[in-house]
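**Q** Coordinates in work_37.cif, mmCIF, N, CA and C atoms, are listed below.
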data_coords
loop_
_atom_site.label_atom_id
_atom_site.label_comp_id
_atom_site.auth_asym_id
_atom_site.auth_seq_id
_atom_site.Cartn_x
_atom_site.Cartn_y
_atom_site.Cartn_z
N MET T 1 74.16 76.95 100.86
CA MET T 1 75.52 76.55 100.55
C MET T 1 76.39 76.74 101.78
N ARG T 2 77.18 75.76 102.07
CA ARG T 2 78.05 75.78 103.24
C ARG T 2 79.26 76.68 102.97
N HIS T 3 79.61 77.47 103.99
CA HIS T 3 80.76 78.36 103.86
C HIS T 3 82.05 77.55 103.98
N GLN T 4 83.02 77.86 103.12
CA GLN T 4 84.33 77.20 103.19
C GLN T 4 85.40 78.30 103.26
N ASN T 5 86.28 78.21 104.24
CA ASN T 5 87.32 79.22 104.42
C ASN T 5 88.30 79.19 103.25
N SER T 6 88.83 80.36 102.93
CA SER T 6 89.80 80.48 101.84
C SER T 6 91.20 80.13 102.34
N VAL T 7 92.11 79.97 101.41
CA VAL T 7 93.51 79.73 101.76
C VAL T 7 94.07 80.95 102.49
N PHE T 8 93.66 82.14 102.06
CA PHE T 8 94.12 83.37 102.71
C PHE T 8 93.67 83.40 104.17
N HIS T 9 92.45 82.94 104.43
CA HIS T 9 91.95 82.87 105.81
C HIS T 9 92.81 81.91 106.63
N GLY T 10 93.17 80.77 106.03
CA GLY T 10 94.04 79.82 106.71
C GLY T 10 95.41 80.40 107.01
N LEU T 11 95.92 81.21 106.09
CA LEU T 11 97.21 81.87 106.30
C LEU T 11 97.13 82.87 107.45
N LEU T 12 96.03 83.61 107.53
CA LEU T 12 95.87 84.59 108.60
C LEU T 12 95.75 83.94 109.98
N LYS T 13 95.31 82.68 110.01
CA LYS T 13 95.23 81.96 111.28
C LYS T 13 96.61 81.71 111.86
N LEU T 14 97.65 81.74 111.02
CA LEU T 14 99.02 81.50 111.49
C LEU T 14 99.66 82.72 112.14
N ILE T 15 99.03 83.87 111.99
CA ILE T 15 99.57 85.12 112.57
C ILE T 15 99.26 85.14 114.06
N PRO T 16 100.26 85.38 114.90
CA PRO T 16 100.01 85.49 116.35
C PRO T 16 99.40 86.87 116.66
N TRP T 17 98.08 86.96 116.58
CA TRP T 17 97.39 88.25 116.70
C TRP T 17 97.59 88.89 118.07
N HIS T 18 97.78 88.10 119.11
CA HIS T 18 98.02 88.69 120.43
C HIS T 18 99.34 89.47 120.44
N VAL T 19 100.34 88.96 119.74
CA VAL T 19 101.63 89.66 119.62
C VAL T 19 101.44 90.91 118.77
N PHE T 20 100.72 90.78 117.69
CA PHE T 20 100.46 91.92 116.80
C PHE T 20 99.75 93.04 117.57
N ASP T 21 98.71 92.69 118.33
CA ASP T 21 97.97 93.69 119.10
C ASP T 21 98.86 94.36 120.15
N ARG T 22 99.73 93.57 120.78
CA ARG T 22 100.66 94.14 121.77
C ARG T 22 101.60 95.14 121.12
N LEU T 23 102.11 94.81 119.93
CA LEU T 23 103.02 95.71 119.20
C LEU T 23 102.29 96.98 118.77
N VAL T 24 101.05 96.85 118.36
CA VAL T 24 100.26 98.03 117.97
C VAL T 24 100.11 98.96 119.18
N ASP T 25 99.83 98.39 120.35
CA ASP T 25 99.70 99.20 121.57
C ASP T 25 101.03 99.83 121.96
N GLU T 26 102.13 99.06 121.89
CA GLU T 26 103.45 99.57 122.27
C GLU T 26 103.87 100.76 121.41
N HIS T 27 103.60 100.69 120.11
CA HIS T 27 104.04 101.73 119.19
C HIS T 27 102.98 102.78 118.92
N GLY T 28 101.81 102.64 119.54
CA GLY T 28 100.74 103.61 119.36
C GLY T 28 100.28 103.74 117.91
N ALA T 29 100.31 102.63 117.19
CA ALA T 29 100.00 102.67 115.76
C ALA T 29 98.53 102.99 115.48
N ASP T 30 97.64 102.66 116.40
CA ASP T 30 96.21 102.93 116.18
C ASP T 30 95.73 104.16 116.93
N HIS T 31 96.66 104.96 117.43
CA HIS T 31 96.28 106.18 118.12
C HIS T 31 95.60 107.13 117.15
N SER T 32 94.44 107.61 117.50
CA SER T 32 93.58 108.50 116.69
C SER T 32 93.24 107.94 115.31
N VAL T 33 93.09 106.63 115.24
CA VAL T 33 92.64 105.99 114.00
C VAL T 33 91.15 105.71 114.17
N ARG T 34 90.37 106.07 113.16
CA ARG T 34 88.93 105.88 113.27
C ARG T 34 88.45 104.57 112.68
N LYS T 35 88.82 104.28 111.44
CA LYS T 35 88.25 103.10 110.79
C LYS T 35 89.29 102.11 110.27
N PHE T 36 90.31 102.58 109.59
CA PHE T 36 91.28 101.69 108.94
C PHE T 36 92.42 101.41 109.92
N THR T 37 92.28 100.34 110.69
CA THR T 37 93.23 100.03 111.74
C THR T 37 94.52 99.43 111.16
N THR T 38 95.50 99.27 112.02
CA THR T 38 96.76 98.66 111.60
C THR T 38 96.55 97.21 111.19
N ARG T 39 95.60 96.54 111.80
CA ARG T 39 95.28 95.16 111.40
C ARG T 39 94.74 95.15 109.97
N HIS T 40 93.84 96.08 109.65
CA HIS T 40 93.33 96.18 108.28
C HIS T 40 94.47 96.49 107.31
N GLN T 41 95.37 97.36 107.72
CA GLN T 41 96.52 97.71 106.88
C GLN T 41 97.38 96.48 106.62
N PHE T 42 97.67 95.70 107.67
CA PHE T 42 98.50 94.51 107.53
C PHE T 42 97.84 93.50 106.59
N ILE T 43 96.55 93.27 106.75
CA ILE T 43 95.84 92.31 105.90
C ILE T 43 95.87 92.78 104.45
N ALA T 44 95.69 94.09 104.23
CA ALA T 44 95.73 94.62 102.86
C ALA T 44 97.12 94.47 102.26
N LEU T 45 98.17 94.75 103.04
CA LEU T 45 99.54 94.60 102.53
C LEU T 45 99.86 93.14 102.22
N LEU T 46 99.43 92.24 103.10
CA LEU T 46 99.66 90.82 102.87
C LEU T 46 98.89 90.33 101.65
N PHE T 47 97.67 90.79 101.50
CA PHE T 47 96.85 90.44 100.34
C PHE T 47 97.52 90.90 99.05
N GLY T 48 98.00 92.14 99.05
CA GLY T 48 98.68 92.67 97.88
C GLY T 48 99.95 91.89 97.55
N GLN T 49 100.68 91.49 98.57
CA GLN T 49 101.90 90.72 98.37
C GLN T 49 101.60 89.36 97.74
N LEU T 50 100.59 88.69 98.26
CA LEU T 50 100.25 87.35 97.76
C LEU T 50 99.61 87.40 96.38
N GLU T 51 98.90 88.47 96.08
CA GLU T 51 98.27 88.62 94.77
C GLU T 51 99.27 89.11 93.72
N GLY T 52 100.42 89.60 94.16
CA GLY T 52 101.41 90.11 93.23
C GLY T 52 101.06 91.49 92.69
N VAL T 53 100.30 92.24 93.46
CA VAL T 53 99.89 93.58 93.06
C VAL T 53 100.98 94.55 93.49
N ASN T 54 101.32 95.50 92.63
CA ASN T 54 102.44 96.39 92.94
C ASN T 54 102.05 97.85 93.09
N SER T 55 100.77 98.14 93.34
CA SER T 55 100.36 99.52 93.57
C SER T 55 99.20 99.56 94.55
N LEU T 56 99.02 100.70 95.19
CA LEU T 56 97.91 100.85 96.13
C LEU T 56 96.57 100.74 95.39
N ARG T 57 96.52 101.31 94.21
CA ARG T 57 95.29 101.22 93.41
C ARG T 57 94.99 99.77 93.07
N GLY T 58 96.02 99.01 92.72
CA GLY T 58 95.83 97.60 92.41
C GLY T 58 95.30 96.81 93.59
N ILE T 59 95.83 97.10 94.78
CA ILE T 59 95.35 96.43 95.99
C ILE T 59 93.89 96.80 96.24
N GLU T 60 93.57 98.08 96.09
CA GLU T 60 92.20 98.54 96.31
C GLU T 60 91.23 97.84 95.36
N VAL T 61 91.56 97.82 94.08
CA VAL T 61 90.67 97.23 93.07
C VAL T 61 90.54 95.72 93.26
N THR T 62 91.66 95.06 93.51
CA THR T 62 91.64 93.60 93.67
C THR T 62 90.86 93.21 94.92
N MET T 63 91.07 93.92 96.01
CA MET T 63 90.34 93.60 97.23
C MET T 63 88.85 93.89 97.07
N GLU T 64 88.53 94.92 96.33
CA GLU T 64 87.12 95.26 96.11
C GLU T 64 86.41 94.16 95.32
N SER T 65 87.13 93.52 94.41
CA SER T 65 86.51 92.44 93.64
C SER T 65 86.28 91.19 94.49
N HIS T 66 86.94 91.09 95.64
CA HIS T 66 86.77 89.96 96.55
C HIS T 66 86.08 90.37 97.85
N GLN T 67 85.32 91.45 97.80
CA GLN T 67 84.76 92.03 99.01
C GLN T 67 83.90 91.04 99.82
N GLY T 68 83.14 90.20 99.16
CA GLY T 68 82.31 89.23 99.86
C GLY T 68 83.12 88.25 100.68
N ARG T 69 84.26 87.85 100.17
CA ARG T 69 85.11 86.91 100.90
C ARG T 69 85.89 87.59 102.02
N LEU T 70 86.21 88.85 101.82
CA LEU T 70 87.00 89.57 102.82
C LEU T 70 86.22 89.79 104.11
N TYR T 71 84.91 89.84 103.99
CA TYR T 71 84.07 90.03 105.17
C TYR T 71 84.35 88.94 106.21
N HIS T 72 84.54 87.72 105.76
CA HIS T 72 84.71 86.58 106.67
C HIS T 72 86.05 86.59 107.40
N ILE T 73 87.02 87.33 106.90
CA ILE T 73 88.32 87.38 107.58
C ILE T 73 88.52 88.70 108.32
N GLY T 74 87.50 89.55 108.33
CA GLY T 74 87.59 90.80 109.06
C GLY T 74 88.40 91.88 108.35
N ALA T 75 88.51 91.77 107.04
CA ALA T 75 89.29 92.74 106.27
C ALA T 75 88.37 93.83 105.72
N LYS T 76 88.96 94.97 105.42
CA LYS T 76 88.24 96.08 104.81
C LYS T 76 88.96 96.46 103.53
N VAL T 77 88.18 96.84 102.53
CA VAL T 77 88.77 97.35 101.30
C VAL T 77 89.27 98.76 101.58
N PRO T 78 90.57 99.00 101.42
CA PRO T 78 91.09 100.33 101.73
C PRO T 78 90.85 101.31 100.59
N LEU T 79 90.50 102.53 100.95
CA LEU T 79 90.51 103.59 99.96
C LEU T 79 91.98 103.94 99.73
N ARG T 80 92.31 104.26 98.50
CA ARG T 80 93.72 104.48 98.16
C ARG T 80 94.35 105.59 99.01
N SER T 81 93.64 106.68 99.22
CA SER T 81 94.20 107.79 99.99
C SER T 81 94.39 107.41 101.46
N THR T 82 93.42 106.69 102.02
CA THR T 82 93.52 106.24 103.42
C THR T 82 94.67 105.25 103.58
N PHE T 83 94.79 104.36 102.63
CA PHE T 83 95.86 103.36 102.64
C PHE T 83 97.22 104.04 102.53
N SER T 84 97.31 105.02 101.67
CA SER T 84 98.55 105.76 101.50
C SER T 84 98.94 106.49 102.78
N ASP T 85 97.97 107.13 103.41
CA ASP T 85 98.22 107.83 104.68
C ASP T 85 98.68 106.85 105.76
N ALA T 86 98.04 105.69 105.82
CA ALA T 86 98.41 104.68 106.82
C ALA T 86 99.85 104.22 106.59
N ASN T 87 100.22 103.97 105.35
CA ASN T 87 101.58 103.51 105.05
C ASN T 87 102.61 104.60 105.34
N ARG T 88 102.23 105.84 105.17
CA ARG T 88 103.17 106.95 105.36
C ARG T 88 103.31 107.32 106.84
N LEU T 89 102.22 107.27 107.60
CA LEU T 89 102.23 107.82 108.95
C LEU T 89 102.45 106.79 110.07
N ARG T 90 102.08 105.55 109.84
CA ARG T 90 102.18 104.56 110.91
C ARG T 90 103.58 103.95 110.99
N SER T 91 103.91 103.55 112.19
CA SER T 91 105.24 103.01 112.46
C SER T 91 105.41 101.63 111.82
N PRO T 92 106.48 101.44 111.06
CA PRO T 92 106.75 100.11 110.49
C PRO T 92 107.29 99.14 111.54
N LEU T 93 107.57 99.63 112.74
CA LEU T 93 108.12 98.77 113.79
C LEU T 93 107.14 97.68 114.22
N VAL T 94 105.84 97.90 114.00
CA VAL T 94 104.86 96.87 114.31
C VAL T 94 105.11 95.65 113.43
N PHE T 95 105.32 95.89 112.14
CA PHE T 95 105.50 94.79 111.20
C PHE T 95 106.87 94.11 111.38
N SER T 96 107.91 94.91 111.64
CA SER T 96 109.22 94.29 111.84
C SER T 96 109.25 93.51 113.16
N GLY T 97 108.55 94.01 114.17
CA GLY T 97 108.46 93.29 115.44
C GLY T 97 107.72 91.97 115.29
N LEU T 98 106.67 91.98 114.48
CA LEU T 98 105.93 90.74 114.22
C LEU T 98 106.81 89.75 113.47
N PHE T 99 107.56 90.23 112.49
CA PHE T 99 108.46 89.35 111.75
C PHE T 99 109.52 88.75 112.68
N GLU T 100 110.09 89.57 113.55
CA GLU T 100 111.11 89.07 114.48
C GLU T 100 110.54 88.00 115.40
N HIS T 101 109.31 88.23 115.89
CA HIS T 101 108.67 87.25 116.77
C HIS T 101 108.43 85.94 116.02
N MET T 102 107.91 86.03 114.81
CA MET T 102 107.62 84.82 114.05
C MET T 102 108.90 84.08 113.66
N LEU T 103 109.95 84.82 113.36
CA LEU T 103 111.23 84.20 113.03
C LEU T 103 111.82 83.51 114.25
N ALA T 104 111.64 84.10 115.42
CA ALA T 104 112.16 83.50 116.65
C ALA T 104 111.46 82.18 116.97
N THR T 105 110.21 82.02 116.54
CA THR T 105 109.49 80.79 116.81
C THR T 105 109.66 79.75 115.69
N ALA T 106 110.41 80.09 114.67
CA ALA T 106 110.61 79.18 113.54
C ALA T 106 111.60 78.08 113.90
N THR T 107 111.62 77.05 113.09
CA THR T 107 112.54 75.94 113.32
C THR T 107 113.97 76.34 112.95
N ARG T 108 114.92 75.58 113.43
CA ARG T 108 116.33 75.87 113.18
C ARG T 108 116.66 75.81 111.69
N GLY T 109 116.10 74.83 110.98
CA GLY T 109 116.36 74.71 109.54
C GLY T 109 115.84 75.90 108.76
N PHE T 110 114.67 76.40 109.15
CA PHE T 110 114.11 77.56 108.47
C PHE T 110 114.95 78.80 108.73
N LYS T 111 115.43 78.94 109.97
CA LYS T 111 116.28 80.08 110.31
C LYS T 111 117.57 80.06 109.49
N ARG T 112 118.12 78.87 109.28
CA ARG T 112 119.33 78.75 108.45
C ARG T 112 119.05 79.18 107.01
N GLN T 113 117.90 78.79 106.48
CA GLN T 113 117.54 79.18 105.12
C GLN T 113 117.36 80.69 105.01
N MET T 114 116.85 81.33 106.04
CA MET T 114 116.65 82.78 106.03
C MET T 114 117.97 83.54 106.21
N ALA T 115 118.96 82.89 106.77
CA ALA T 115 120.29 83.46 107.04
C ALA T 115 120.15 84.76 107.76
#
The structure given in the file should be rewritten as structure tokens.
**A**
Amino acid sequence: MRHQNSVFHGLLKLIPWHVFDRLVDEHGADHSVRKFTTRHQFIALLFGQLEGVNSLRGIEVTMESHQGRLYHIGAKVPLRSTFSDANRLRSPLVFSGLFEHMLATATRGFKRQMA
């Protein structure tokens, strides 16, 4: 059977990962991180947002049910405690910096809608 990319994979292709990696380095977000990187955290948060999940446990369970598909996008199923620690200890400036960069590259009409 031929592999077909998911819509979520297509959405992740729109993320400027070079900017994301630069922000992670600038803010030291992955300093002394062993397995669950800031990229994994971002993908898990985005997945939870798009799935409409409102708890860390919900994100963990939902991602675990899609584990085979997540392999192809480089995502990891977060353990709830690890995910909680990442959200509590890592700098949110990485995510706000990424948003600012993406907003700066948006069209004028979109910027007006975002106000």
**Q** Can you list, as an MDAnalysis selection string, every residue of chain T that DSSP puts in alpha helix (DSSP H)?
**A** chainID T and resid 7:12 17:27 38:51 56:65 67:70 80:89 93:104 108:114
**Q** Run the PyMOL selection byres (((chain T and resi 29-33 and name CA) around 10) and name CA) on the file and write out the hits as JSON, numbers by chain.
**A** {"T": [21, 23, 24, 25, 26, 27, 28, 34, 35, 36, 37, 38, 39, 86, 89, 90, 91, 92, 93, 94]}
**Q** Quick one, how far is atom C of Ala106 in chain T from CA of Trp17 in chain T?
**A** 17.7 Å
**Q** Can you find the residues with an atom no farther than 6 Å from (93.1, 95.3, 101.7), counting only N, CA and C atoms, and report them as a list of chain:residue names?
**A**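 Applying the cut-off with only N, CA and C atoms, one gets T:His40, T:Ile43, T:Ala44, T:Leu45, T:Ile59, T:Met63, T:Lys76, T:Val77, T:Pro78.
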**Q** Quick one: residues within 12 Å of (109.4, 89.1, 116.1) (file frame), counting only C-alpha atoms, please, as a list in words.
**A** Ile15, Pro16, Val19, Phe20, Arg22, Leu23, Leu93, Val94, Phe95, Ser96, Gly97, Leu98, Phe99, Glu100, His101, Met102, Leu103, Ala104, Thr105 and Ala106 of chain T
**Q** If I take CA of Gln49 in chain T and CA of Gly109 in chain T, how far is one from the other in Å, to one decimal?
**A**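 These atoms are spaced 24.3 Å apart.
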**Q** What separation in Å, quoted to one decimal, exists between CA of His9 in chain T and CA of His72 in chain T?
**A**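 Calculated distance between CA of His9 in chain T and CA of His72 in chain T is 8.2 Å.
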**Q** Name the residues captured by the PyMOL selection byres ((chain T and resi 56) around 8) when it is applied to the shown file; answer as a ChimeraX atom specification.
**A** /T:53-55,57-62,78-81,83-84
**Q** Kindly indicate which residue among T:Gln113, T:Gln41, T:Thr107, T:Gln67 lies nearest to Asn87 in chain T, using only C-alpha atoms for the distances.
**A**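 Answer, going by the shortest atom-to-atom distance: T:Gln41.
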